[in-house]
file final.cif (mmCIF, C-alpha atoms and all ligand atoms)
data_coords
loop_
_atom_site.label_atom_id
_atom_site.label_comp_id
_atom_site.auth_asym_id
_atom_site.auth_seq_id
_atom_site.Cartn_x
_atom_site.Cartn_y
_atom_site.Cartn_z
CA MET V 40 0.00 0.00 0.00
CA GLN V 41 2.79 2.27 0.92
CA THR V 42 4.67 1.51 -2.32
CA LYS V 43 1.56 1.74 -4.41
CA SER V 44 0.58 4.89 -2.78
CA THR V 45 4.07 6.27 -3.45
CA GLU V 46 3.80 5.13 -7.09
CA THR V 47 0.38 6.58 -7.55
CA THR V 48 1.45 9.90 -6.19
CA HIS V 49 4.87 9.90 -7.90
CA ILE V 50 3.91 8.89 -11.48
CA PRO V 51 1.14 11.42 -12.02
CA LEU V 52 3.47 14.11 -10.74
CA VAL V 53 6.00 13.25 -13.47
CA ILE V 54 3.22 13.15 -16.06
CA THR V 55 1.81 16.40 -14.75
CA HIS V 56 5.26 17.94 -14.92
CA GLN V 57 5.78 16.79 -18.52
CA ARG V 58 2.31 17.90 -19.48
CA SER V 59 2.83 21.28 -17.92
CA ARG V 60 6.13 21.71 -19.81
CA LEU V 61 4.37 20.83 -23.03
CA ALA V 62 1.50 23.10 -22.16
CA LEU V 63 3.96 25.91 -21.39
CA ALA V 64 5.71 25.42 -24.75
CA GLU V 65 2.35 25.43 -26.54
CA TYR V 66 1.24 28.44 -24.54
CA ARG V 67 4.44 30.32 -25.48
CA LEU V 68 3.94 29.42 -29.16
CA CYS V 69 0.32 30.53 -28.96
CA GLN V 70 1.33 33.75 -27.26
CA LYS V 71 3.89 34.44 -29.99
CA GLU V 72 1.34 33.83 -32.72
CA ARG V 73 -1.37 35.69 -30.90
CA ARG V 74 1.05 38.51 -30.24
CA LEU V 75 1.77 39.01 -33.95
CA ALA V 76 -1.82 38.38 -34.99
CA ARG V 77 -3.30 40.95 -32.65
CA TYR V 78 -1.53 44.01 -34.04
CA LYS V 79 -3.65 46.61 -35.79
CA ASN V 80 -1.45 49.50 -36.89
CA ILE V 81 1.59 48.21 -38.69
CA VAL V 82 4.48 50.23 -40.11
CA VAL V 83 7.02 48.44 -42.30
CA LEU V 84 10.24 50.36 -42.96
CA THR V 85 12.09 48.99 -45.95
CA GLY V 86 15.54 49.56 -47.40
CA ALA V 87 17.66 48.39 -50.31
CA GLY V 88 17.95 44.84 -48.91
CA ILE V 89 14.32 44.07 -49.76
CA SER V 90 15.01 44.75 -53.44
CA ALA V 91 18.35 42.92 -53.52
CA GLU V 92 16.78 39.57 -54.46
CA SER V 93 15.11 41.33 -57.42
CA GLY V 94 18.57 42.28 -58.69
CA VAL V 95 18.66 45.93 -57.53
CA SER V 96 22.02 46.82 -55.98
CA THR V 97 22.14 47.78 -52.33
CA PHE V 98 24.28 50.76 -51.30
CA ARG V 99 26.69 49.51 -48.68
CA ASP V 100 27.08 45.76 -49.23
CA ALA V 101 30.21 44.56 -51.08
CA GLY V 102 29.83 45.75 -54.69
CA GLY V 103 27.08 48.17 -53.64
CA LEU V 104 26.29 51.45 -55.44
CA TRP V 105 28.40 53.59 -53.13
CA GLU V 106 31.46 51.50 -53.97
CA LYS V 107 31.05 52.38 -57.65
CA HIS V 108 29.96 56.02 -57.32
CA ARG V 109 30.86 58.72 -54.83
CA ILE V 110 27.86 60.17 -52.99
CA GLU V 111 29.40 63.63 -53.46
CA ASP V 112 29.38 63.13 -57.26
CA VAL V 113 25.81 61.90 -57.81
CA ALA V 114 23.60 62.27 -54.75
CA THR V 115 23.82 65.83 -53.43
CA PRO V 116 22.33 69.16 -54.61
CA GLU V 117 25.91 70.42 -55.01
CA ALA V 118 26.73 67.54 -57.36
CA PHE V 119 23.69 68.43 -59.50
CA ALA V 120 24.70 72.09 -59.61
CA ARG V 121 28.29 71.17 -60.55
CA ASN V 122 27.65 68.40 -63.09
CA PRO V 123 23.95 67.98 -63.89
CA ASP V 124 24.61 65.73 -66.90
CA LEU V 125 26.47 63.19 -64.76
CA VAL V 126 23.70 63.18 -62.13
CA GLN V 127 20.91 62.89 -64.74
CA ASP V 128 22.81 60.06 -66.38
CA PHE V 129 23.23 58.20 -63.05
CA TYR V 130 19.47 58.35 -62.39
CA ASN V 131 18.56 57.63 -66.05
CA GLN V 132 20.50 54.37 -65.78
CA ARG V 133 18.79 53.46 -62.53
CA ARG V 134 15.35 54.40 -63.93
CA ALA V 135 15.97 52.21 -66.99
CA GLN V 136 16.81 49.31 -64.62
CA LEU V 137 13.20 49.38 -63.36
CA PHE V 138 12.17 47.69 -66.61
CA SER V 139 14.46 44.71 -66.05
CA VAL V 140 13.56 43.84 -62.45
CA GLU V 141 10.51 42.18 -60.93
CA PRO V 142 9.11 42.16 -57.40
CA HIS V 143 9.75 38.95 -55.44
CA SER V 144 8.13 37.07 -52.56
CA ALA V 145 8.97 39.73 -49.94
CA HIS V 146 7.25 42.50 -51.93
CA THR V 147 4.20 40.35 -52.68
CA ALA V 148 3.98 39.22 -49.04
CA LEU V 149 3.69 42.87 -48.00
CA GLY V 150 1.07 43.45 -50.70
CA LYS V 151 -0.90 40.51 -49.30
CA LEU V 152 -0.52 41.85 -45.75
CA GLU V 153 -2.06 45.18 -46.74
CA GLU V 154 -4.87 43.49 -48.64
CA LEU V 155 -5.86 40.95 -45.97
CA HIS V 156 -4.94 42.59 -42.66
CA ASP V 157 -7.79 43.79 -40.51
CA GLY V 158 -6.07 47.09 -39.68
CA ASN V 159 -3.66 49.60 -41.17
CA VAL V 160 -0.47 48.72 -42.99
CA THR V 161 1.88 51.43 -44.21
CA ILE V 162 5.13 50.83 -46.05
CA VAL V 163 7.65 53.57 -45.35
CA THR V 164 10.39 52.92 -47.85
CA GLN V 165 13.81 54.43 -48.37
CA ASN V 166 13.82 52.73 -51.76
CA VAL V 167 13.30 54.74 -54.90
CA ASP V 168 12.31 51.76 -57.07
CA ASN V 169 8.66 50.84 -57.72
CA LEU V 170 8.78 47.20 -56.59
CA HIS V 171 6.41 47.68 -53.63
CA GLU V 172 3.73 49.09 -55.96
CA ARG V 173 4.27 46.25 -58.38
CA GLY V 174 4.15 43.75 -55.49
CA GLY V 175 0.62 44.87 -54.64
CA SER V 176 1.18 47.47 -51.89
CA LYS V 177 -0.80 50.70 -52.17
CA ASN V 178 -0.18 52.54 -48.93
CA ILE V 179 3.44 53.50 -49.53
CA ILE V 180 5.48 56.49 -48.44
CA HIS V 181 8.63 56.97 -50.53
CA MET V 182 10.58 59.03 -48.03
CA HIS V 183 13.65 59.26 -50.33
CA GLY V 184 11.64 59.93 -53.48
CA GLU V 185 10.92 57.90 -56.61
CA LEU V 186 12.96 57.04 -59.68
CA ALA V 187 9.78 56.97 -61.76
CA LYS V 188 9.15 60.69 -61.17
CA VAL V 189 10.87 63.96 -62.03
CA ARG V 190 10.27 67.41 -60.61
CA CYS V 191 10.47 70.88 -62.12
CA THR V 192 12.84 73.16 -60.25
CA GLN V 193 11.00 76.18 -61.71
CA CYS V 194 7.30 75.44 -61.12
CA SER V 195 7.60 72.49 -58.65
CA SER V 196 5.32 70.23 -60.73
CA VAL V 197 5.98 66.52 -60.21
CA PHE V 198 5.58 64.13 -63.16
CA GLU V 199 5.44 60.36 -63.62
CA TRP V 200 8.54 59.74 -65.75
CA LEU V 201 9.85 56.49 -67.19
CA ASP V 202 12.04 57.90 -69.98
CA ASP V 203 15.47 59.46 -69.77
CA CYS V 204 15.58 63.03 -68.51
CA THR V 205 18.31 65.46 -69.61
CA GLN V 206 19.11 69.13 -69.19
CA GLU V 207 17.42 69.69 -72.56
CA THR V 208 14.11 68.10 -71.51
CA VAL V 209 11.40 70.77 -71.32
CA CYS V 210 9.03 70.95 -68.35
CA PRO V 211 5.59 69.87 -69.64
CA THR V 212 3.88 72.41 -67.34
CA CYS V 213 5.91 75.64 -67.56
CA GLY V 214 8.05 74.98 -70.63
CA SER V 215 11.34 75.72 -68.86
CA ALA V 216 14.65 74.02 -69.65
CA PRO V 217 16.91 73.12 -68.05
CA ALA V 218 14.47 72.62 -65.21
CA LEU V 219 13.73 68.97 -64.50
CA ARG V 220 15.56 66.99 -61.84
CA PRO V 221 15.12 63.46 -60.46
CA HIS V 222 12.38 63.36 -57.78
CA ILE V 223 14.94 61.94 -55.37
CA VAL V 224 15.93 63.12 -51.90
CA TRP V 225 19.64 63.79 -52.00
CA PHE V 226 22.01 63.96 -49.05
CA GLY V 227 21.49 67.31 -47.35
CA GLU V 228 17.80 67.45 -48.35
CA MET V 229 14.76 66.78 -46.16
CA PRO V 230 13.07 63.38 -46.64
CA PHE V 231 9.45 63.55 -47.80
CA ASP V 232 6.36 63.23 -45.56
CA MET V 233 8.20 63.31 -42.23
CA ASP V 234 5.16 64.69 -40.33
CA ARG V 235 3.01 61.84 -41.55
CA ILE V 236 5.73 59.30 -40.80
CA GLU V 237 6.19 60.60 -37.27
CA ASN V 238 2.45 60.23 -36.60
CA LEU V 239 2.46 56.70 -37.98
CA LEU V 240 5.42 55.77 -35.78
CA TYR V 241 3.59 57.16 -32.75
CA GLU V 242 0.36 55.31 -33.58
CA CYS V 243 1.77 51.94 -34.59
CA ASP V 244 1.70 48.83 -32.45
CA LEU V 245 3.99 46.80 -34.72
CA PHE V 246 7.10 48.20 -36.38
CA VAL V 247 8.99 45.97 -38.80
CA SER V 248 12.24 47.00 -40.45
CA VAL V 249 13.33 45.08 -43.55
CA GLY V 250 16.63 45.21 -45.44
CA THR V 251 18.17 48.40 -44.16
CA SER V 252 21.65 48.80 -42.69
CA GLY V 253 20.57 51.50 -40.23
CA ASN V 254 23.22 53.93 -41.43
CA VAL V 255 21.08 56.79 -42.74
CA TYR V 256 18.97 59.08 -40.56
CA PRO V 257 16.18 59.84 -39.99
CA ALA V 258 15.11 56.29 -40.94
CA ALA V 259 17.85 54.79 -38.78
CA GLY V 260 16.29 56.50 -35.74
CA PHE V 261 12.71 55.24 -36.27
CA VAL V 262 13.15 52.13 -34.13
CA SER V 263 14.36 54.08 -31.09
CA ALA V 264 11.51 56.59 -31.53
CA VAL V 265 9.00 53.73 -31.62
CA ARG V 266 10.59 52.10 -28.56
CA SER V 267 10.45 55.38 -26.67
CA TYR V 268 6.65 55.56 -27.16
CA GLY V 269 6.45 52.15 -25.45
CA LYS V 270 3.45 50.90 -27.43
CA ALA V 271 4.82 48.79 -30.24
CA HIS V 272 6.55 45.49 -30.80
CA THR V 273 9.64 45.90 -33.00
CA ILE V 274 11.09 43.33 -35.41
CA GLU V 275 14.17 43.53 -37.61
CA VAL V 276 14.32 41.35 -40.74
CA ASN V 277 17.76 41.68 -42.32
CA LEU V 278 20.48 39.58 -43.85
CA GLU V 279 22.71 40.37 -40.89
CA PRO V 280 22.37 42.43 -37.70
CA SER V 281 22.05 46.09 -38.74
CA GLU V 282 23.69 49.02 -36.97
CA GLY V 283 20.57 49.39 -34.85
CA ALA V 284 19.84 45.67 -34.31
CA THR V 285 20.05 45.93 -30.52
CA TYR V 286 17.13 48.40 -30.44
CA PHE V 287 14.74 45.77 -31.81
CA ALA V 288 12.78 43.51 -29.47
CA GLU V 289 12.98 40.69 -32.02
CA THR V 290 15.42 40.02 -34.85
CA ARG V 291 15.13 37.56 -37.73
CA HIS V 292 18.24 37.30 -39.86
CA GLY V 293 18.27 35.88 -43.40
CA LEU V 294 16.92 36.67 -46.85
CA ALA V 295 13.86 38.93 -46.90
CA GLY V 296 12.33 36.76 -49.64
CA GLU V 297 12.50 33.72 -47.37
CA LEU V 298 11.56 35.34 -44.06
CA LEU V 299 8.81 37.82 -44.93
CA PRO V 300 6.16 35.41 -46.27
CA GLY V 301 6.27 33.49 -42.96
CA LEU V 302 6.20 36.65 -40.87
CA VAL V 303 3.21 37.95 -42.83
CA ASN V 304 1.37 34.66 -42.31
CA GLU V 305 2.00 34.92 -38.55
CA ILE V 306 0.48 38.40 -38.54
CA LEU V 307 -2.51 37.31 -40.61
CA ASP V 308 -3.18 34.08 -38.64
P1 LIG V 401 22.16 49.66 -47.41
O1 LIG V 401 22.86 49.23 -48.66
O2 LIG V 401 22.88 50.60 -46.52
O3 LIG V 401 21.77 48.38 -46.53
C1 LIG V 401 21.13 47.28 -47.09
C2 LIG V 401 20.92 46.24 -45.99
O4 LIG V 401 20.16 45.17 -46.52
C3 LIG V 401 22.21 45.63 -45.42
O5 LIG V 401 22.17 45.66 -43.99
C4 LIG V 401 22.19 44.20 -45.94
O6 LIG V 401 22.75 43.28 -45.02
C5 LIG V 401 20.72 43.95 -46.10
N1 LIG V 401 20.40 42.95 -47.14
C6 LIG V 401 21.04 42.71 -48.31
N2 LIG V 401 20.41 41.75 -49.00
C7 LIG V 401 19.34 41.37 -48.27
C8 LIG V 401 18.29 40.42 -48.44
N3 LIG V 401 18.20 39.67 -49.53
N4 LIG V 401 17.35 40.30 -47.47
C9 LIG V 401 17.42 41.07 -46.34
N5 LIG V 401 18.38 41.98 -46.12
C10 LIG V 401 19.33 42.15 -47.07
O7 LIG V 401 20.74 50.25 -47.86
P2 LIG V 401 19.72 51.17 -47.03
O8 LIG V 401 19.78 50.88 -45.58
O9 LIG V 401 18.42 51.09 -47.71
O10 LIG V 401 19.68 57.04 -49.58
O11 LIG V 401 20.34 52.60 -47.29
C11 LIG V 401 19.65 53.72 -46.80
C12 LIG V 401 19.85 54.90 -47.70
O12 LIG V 401 21.25 55.07 -47.94
C13 LIG V 401 19.28 54.74 -49.10
O13 LIG V 401 17.90 55.05 -49.18
C14 LIG V 401 20.08 55.70 -49.90
C15 LIG V 401 21.46 55.34 -49.35
O14 LIG V 401 22.42 56.32 -49.43
C16 LIG V 401 19.78 58.01 -50.50
O15 LIG V 401 20.20 57.81 -51.63
C17 LIG V 401 19.32 59.35 -50.02
#
call {"tool": "encode", "arguments": {"input": "final.cif", "output": "structure tokens"}}
result
Amino acid sequence: MQTKSTETTHIPLVITHQRSRLALAEYRLCQKERRLARYKNIVVLTGAGISAESGVSTFRDAGGLWEKHRIEDVATPEAFARNPDLVQDFYNQRRAQLFSVEPHSAHTALGKLEELHDGNVTIVTQNVDNLHERGGSKNIIHMHGELAKVRCTQCSSVFEWLDDCTQETVCPTCGSAPALRPHIVWFGEMPFDMDRIENLLYECDLFVSVGTSGNVYPAAGFVSAVRSYGKAHTIEVNLEPSEGATYFAETRHGLAGELLPGLVNEILD
């Protein structure tokens, strides 16, 4: 009786212990899924890394654009004033590249997120390509401008533009030439829509950063702003830890094209 009684009390305890460990693991998994699935206001910051698998060069990886061109020569207002033909040519080449690249699974996953999510999804991109649009996203802020647009320095009109643009090209609105410049934010210029972005960062409850090295402000500072508001979960998806990786609550390192579809499914579950 004594032995039996010991057995009957001992065995269930082991089983209970194993069950509770299993239950805890399941509970944690559930919590993780529920945590991602419950978010309403989502901001996704993207950088060159999300377009890398489409064949668009990043800036700072080995062989990146800033290894082949000096920022001071092609990406500042002073460069444009000094040698406008060189700057126009640099952006003409990059604009022409838009025709030879396609969005991939990371872009389409974000398009699907916006379409199916029961809440708000905004892409804030540093990228000047149009792969998010072509991947199905609609709510996009191009904070560094767009290759597929040019702007008149005389009358400020902004045009959709897929052809080459030169110093001889005449502004379709005011007829001035030279007058058109790439609708790109150069170093030393203010990124677009910062007021709107700041509100979105304040309101969001999930902030995801994809494919950015965290070298260029103000985008590099978004994660610490979001953390300081204390309302949002923060996730980094990048090939390797970015400069700001330690500011994120969660990091997932690998190819955006492989990681984003799964992350989006977790949010939509
Ligand atoms: P960077 O070239 O600085 O960083 C790209 C990041 O993407 C790196 O951290 C890579 O590790 C990562 N990466 C590369 N391939 C990836 C992949 N397949 N999946 C996931 N991550 C990958 O580009 P940005 O951070 O976007 O500004 O650069 C920010 C700004 O600096 C650009 O908008 C541009 C540039 O100067 C202007 O031109 C004004």
call {"tool": "atom_distance", "arguments": {"input": "final.cif", "atom1": "atom N1 of ligand LIG 401 (chain V)", "atom2": "atom CA of V:Gly184"}}
result
20.1 Å
call {"tool": "closest_atom_pairs", "arguments": {"input": "final.cif", "of": "chain V", "to": "ligand LIG 401 (chain V)", "cutoff": "9 Å", "atoms": "only C-alpha atoms and all ligand atoms", "output": "Markdown table"}}
result
| residue | atom | partner | partner_atom | distance |
| --- | --- | --- | --- | --- |
| V:Thr85 | CA | V:LIG401 | O9 | 6.9 |
| V:Gly86 | CA | V:LIG401 | O9 | 3.3 |
| V:Ala87 | CA | V:LIG401 | O9 | 3.8 |
| V:Gly88 | CA | V:LIG401 | O4 | 3.3 |
| V:Ile89 | CA | V:LIG401 | N4 | 5.4 |
| V:Ser90 | CA | V:LIG401 | N3 | 7.2 |
| V:Ala91 | CA | V:LIG401 | N2 | 5.1 |
| V:Glu92 | CA | V:LIG401 | N3 | 5.1 |
| V:Ser93 | CA | V:LIG401 | N3 | 8.6 |
| V:Ser96 | CA | V:LIG401 | O1 | 7.8 |
| V:Thr97 | CA | V:LIG401 | O1 | 4.0 |
| V:Phe98 | CA | V:LIG401 | O1 | 3.4 |
| V:Arg99 | CA | V:LIG401 | O1 | 3.8 |
| V:Asp100 | CA | V:LIG401 | O1 | 5.5 |
| V:Gly103 | CA | V:LIG401 | O1 | 6.6 |
| V:Leu104 | CA | V:LIG401 | O1 | 7.9 |
| V:Trp105 | CA | V:LIG401 | O14 | 7.5 |
| V:Ile110 | CA | V:LIG401 | O14 | 7.6 |
| V:Ala114 | CA | V:LIG401 | O15 | 6.4 |
| V:Thr115 | CA | V:LIG401 | C17 | 8.6 |
| V:Ala145 | CA | V:LIG401 | N4 | 8.8 |
| V:Thr164 | CA | V:LIG401 | O13 | 7.9 |
| V:Gln165 | CA | V:LIG401 | O13 | 4.2 |
| V:Asn166 | CA | V:LIG401 | O13 | 5.4 |
| V:Val167 | CA | V:LIG401 | O13 | 7.3 |
| V:Met182 | CA | V:LIG401 | O13 | 8.4 |
| V:His183 | CA | V:LIG401 | C17 | 5.7 |
| V:Gly184 | CA | V:LIG401 | C17 | 8.4 |
| V:Ile223 | CA | V:LIG401 | C17 | 7.4 |
| V:Val224 | CA | V:LIG401 | C17 | 5.4 |
| V:Trp225 | CA | V:LIG401 | C17 | 4.9 |
| V:Phe226 | CA | V:LIG401 | C17 | 5.4 |
| V:Gly227 | CA | V:LIG401 | C17 | 8.7 |
| V:Glu228 | CA | V:LIG401 | C17 | 8.4 |
| V:Pro230 | CA | V:LIG401 | C17 | 8.2 |
| V:Val249 | CA | V:LIG401 | C9 | 6.4 |
| V:Gly250 | CA | V:LIG401 | O4 | 3.7 |
| V:Thr251 | CA | V:LIG401 | O8 | 3.3 |
| V:Ser252 | CA | V:LIG401 | O5 | 3.4 |
| V:Gly253 | CA | V:LIG401 | O8 | 5.4 |
| V:Asn254 | CA | V:LIG401 | O2 | 6.1 |
| V:Val255 | CA | V:LIG401 | C11 | 5.3 |
| V:Tyr256 | CA | V:LIG401 | C11 | 8.3 |
| V:Ala258 | CA | V:LIG401 | C11 | 7.8 |
| V:Ala259 | CA | V:LIG401 | O8 | 8.1 |
| V:Val276 | CA | V:LIG401 | C9 | 6.4 |
| V:Asn277 | CA | V:LIG401 | N5 | 3.9 |
| V:Leu278 | CA | V:LIG401 | N5 | 3.9 |
| V:Glu279 | CA | V:LIG401 | O6 | 5.1 |
| V:Pro280 | CA | V:LIG401 | O5 | 7.1 |
| V:Ser281 | CA | V:LIG401 | O5 | 5.3 |
| V:Glu282 | CA | V:LIG401 | O5 | 7.9 |
| V:His292 | CA | V:LIG401 | C9 | 7.5 |
| V:Gly293 | CA | V:LIG401 | C9 | 6.0 |
| V:Leu294 | CA | V:LIG401 | N4 | 3.7 |
| V:Ala295 | CA | V:LIG401 | N4 | 3.8 |
| V:Gly296 | CA | V:LIG401 | N4 | 6.5 |
| V:Glu297 | CA | V:LIG401 | N4 | 8.2 |
| V:Leu298 | CA | V:LIG401 | N4 | 8.4 |
call {"tool": "atom_distance", "arguments": {"input": "final.cif", "atom1": "atom CA of V:Ser196", "atom2": "atom CA of V:Gln127"}}
result
17.7 Å
call {"tool": "closest_residue", "arguments": {"input": "final.cif", "among": "V:Asn169, V:Gln206, V:Asn304, V:Ser195", "to": "V:Glu141", "atoms": "all atoms listed in the file"}}
result
V:Asn169
call {"tool": "residues_around", "arguments": {"input": "final.cif", "residues": "V:Pro217", "least_positions_apart": "3", "cutoff": "12 Å", "atoms": "all atoms listed in the file", "output": "list in words"}}
result
Phe119, Ala120, Pro123, Asp124, Gln127, Arg190, Cys191, Thr192, Gln193, Cys204, Thr205, Gln206, Glu207, Thr208, Val209, Cys210, Pro211, Cys213, Gly214 and Arg220 of chain V
call {"tool": "closest_residue", "arguments": {"input": "final.cif", "among": "V:Leu84, V:Glu289, V:Val160, V:Lys177", "to": "V:Pro257", "atoms": "only C-alpha atoms"}}
result
V:Leu84
call {"tool": "atom_distance", "arguments": {"input": "final.cif", "atom1": "atom CA of V:Thr147", "atom2": "atom CA of V:Asn131"}}
result
26.1 Å
call {"tool": "closest_residue", "arguments": {"input": "final.cif", "among": "V:Leu239, V:Ile274, V:Ile179, V:Val197", "to": "V:Glu153", "atoms": "all atoms listed in the file"}}
result
V:Ile179
